[in-house]
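Trainee: Okay, here's the structure, questions in a sec.
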Amino acid sequence: MLWRGRRQSDNIEDDRSGGGGLGGGGGQFRIPIGGRTGGGGSIFLVILVVLAGWYFGFDPSTILGGGGGGLAPGGGGQITEDSGSATPANDEMKQFVATVLAETEDTWTGIFKSQGLTYEDPKLVLFSGQIRSACGSASSAAGPFYCPGDHKVYLDTTFFQQLDQQFGASGDFAQAYVIAHEVGHHVQNLTGIMSKFNQMRQGMDQAEANQMSVRIELQADCFAGVWAHFTGQKGILEQGDFEEALNAAQKIGDDTLQKKTQGYVVPESFNHGTSQQRQTWLARGYKSGKLSDCNTLSGPI
């Protein structure tokens, strides 16, 4: 990924020197280690109405043009914190994360503008070990997550080491996919999808909640693919980059993670989608660049 020398986002909060944030409630949406959701047949209709009102049927290429645009959770795994010296204030990893975040800002700003809306940039919090958010406390072992309560993405970059060394998903674009997936949850939050989901899941049993969570997570994967589509149009992607993202999606599928950590799968506990599903929806968004192709909320997935 040709990211060096590009604009870096100012929406980075570096909290790696010590924990901070707010306590509180709310649901966290993580990349590969969490997820809850729920059922009730009417939820699909409710959310689809919201989607239709905001953006379904819109092709982002009409506003991003031919040359512009901008370019990912269920089982276990422990992240170990680097025991080295203090992290430099502007290390290369921070620069990379800030650049990827800037690319998502450019893409989603354009998409929202085409609908007469204003995109609110999320903050991305870099932390080490533990962090408190508006959604409560979390440790690095939880993996990256988005908190709808404060509109922030939380990332301990040691997760990228785990992604490579433990999960076998290497490459900078695999890392970019993780960030883009969490930003996808932010898009869901801004468009009202997530609030409806959080309201509805309170009345669902665990099986229903898990089924709905899978649909929410797969849509975030598809949104990450839409982002990758337009980033590719900028000439930022190198050969093999998107394959890195697809490989990451495969490695963090619920079935793959469960096989790796416990030796067998429990489909009713899936809350992020199988490896095949995650790859399919990521690729769908990437191929078309159309949000209308990211309707995971009804029909087969």
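Here, A, B, ... name the chains of the structure tokens in the order displayed, residue numbers run from 1 inside each chain, and ligands are numbered from 1 in the same displayed order.
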Got a sec to tell me which of segment 72-183 of chain A DSSP assigns to alpha helix (DSSP H), as a VMD selection string?
Mentor: chain A and resid 92 to 114 158 to 165 172 to 183
Trainee: Find the residue from A:Gly129, A:His185, A:Pro267, A:Ser213 that sits nearest to Thr158 of chain A; use only C-alpha atoms when measuring.
Mentor: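 Ranked by minimum distance to Thr158 of chain A, first place goes to A:Gly129.
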Trainee: Residues near Ala220 of chain A, anyone? I mean within 12 Å using only C-alpha atoms, not counting same-chain ones fewer than 3 positions away, as a ChimeraX atom specification.
Mentor: /A:29-31,72-73,146,177-189,193-194,213-217,223-227,249,272-273,278-279,281-282,284-285,291,294-297
Trainee: So which one's closest to Gln239 of chain A, A:Ile111, A:Leu2, A:Ile301, A:Leu163? Using only C-alpha atoms, please.
Mentor: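 Answer, going by the shortest atom-to-atom distance: A:Leu2.
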Trainee: Quick one: of A:Leu190, A:Val97, A:Ala102, A:Glu243, who's nearest to Phe160 of chain A, counting only C-alpha atoms?
Mentor: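 Once distances to Phe160 of chain A are computed over only C-alpha atoms, the minimum belongs to A:Val97.
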Trainee: Identify which of the residues A:Thr157, A:Gly299, A:Lys259, A:Gln199 lies closest to Asp91 of chain A, counting only C-alpha atoms when measuring atom-to-atom distances.
Mentor: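 Closest to Asp91 of chain A of all the choices is A:Thr157.
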Trainee: So, with only C-alpha atoms as the atoms that count, which of A:Ala248, A:Thr99, A:Glu92, A:Val153 lies closest to Arg6 of chain A?
Mentor: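 Of A:Ala248, A:Thr99, A:Glu92, A:Val153, the one nearest Arg6 of chain A, counting only C-alpha atoms, is A:Thr99.
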Trainee: Select, from A:Leu155, A:Arg16, A:Val266, A:Phe167, the residue with the minimum atom-to-atom distance to Asn210 of chain A, counting only C-alpha atoms.
Mentor: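 Nearest to Asn210 of chain A: A:Val266.
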Trainee: Please list as a PyMOL selection string every residue within 9 Å of Val265 of chain A, counting only C-alpha atoms and excluding residues in the same chain fewer than 3 positions away.
Mentor: chain A and resi 254-259+262+269-270
Trainee: For Asp164 of chain A, list every protein, DNA or RNA residue within 12 Å, evaluated using only C-alpha atoms, and leave out those in the same chain fewer than 3 positions away; present the list as a compact mmCIF listing (two decimals) with C-alpha atoms, in the first residue's frame.
Mentor:
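And here's selection_7.txt as it stands now:
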# COMPACT_ATOMS: atom_id res chain seq x y z
CA ILE A 79 -2.55 -9.84 22.66
CA THR A 157 -1.53 -1.63 17.45
CA THR A 158 0.00 -4.73 19.04
CA PHE A 159 -3.11 -6.38 17.56
CA PHE A 160 -1.41 -6.07 14.20
CA GLN A 161 1.43 -8.23 15.52
CA PHE A 167 -3.53 -15.47 12.81
CA GLY A 168 -1.23 -15.58 9.79
CA ALA A 169 -2.62 -12.41 8.22
CA SER A 170 0.29 -10.19 7.29
CA GLY A 171 0.59 -7.01 5.25
CA ASP A 172 -0.24 -3.35 5.65
CA PHE A 173 -3.49 -3.68 3.76
CA ALA A 174 -4.65 -6.39 6.14
CA GLN A 175 -4.14 -3.79 8.84
CA GLU A 244 -3.97 -9.39 2.06
CA ALA A 245 -7.34 -8.07 3.21
CA ASN A 247 -6.68 -13.36 3.76
CA ALA A 248 -7.25 -11.41 6.98
CA LYS A 251 -8.29 -15.82 9.24
CA ILE A 252 -10.72 -14.03 11.56
Trainee: Could you work out how far atom CA of His151 of chain A lies from atom CA of Glu120 of chain A, giving the answer in Å with one decimal?
Mentor: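 These atoms are spaced 8.9 Å apart.
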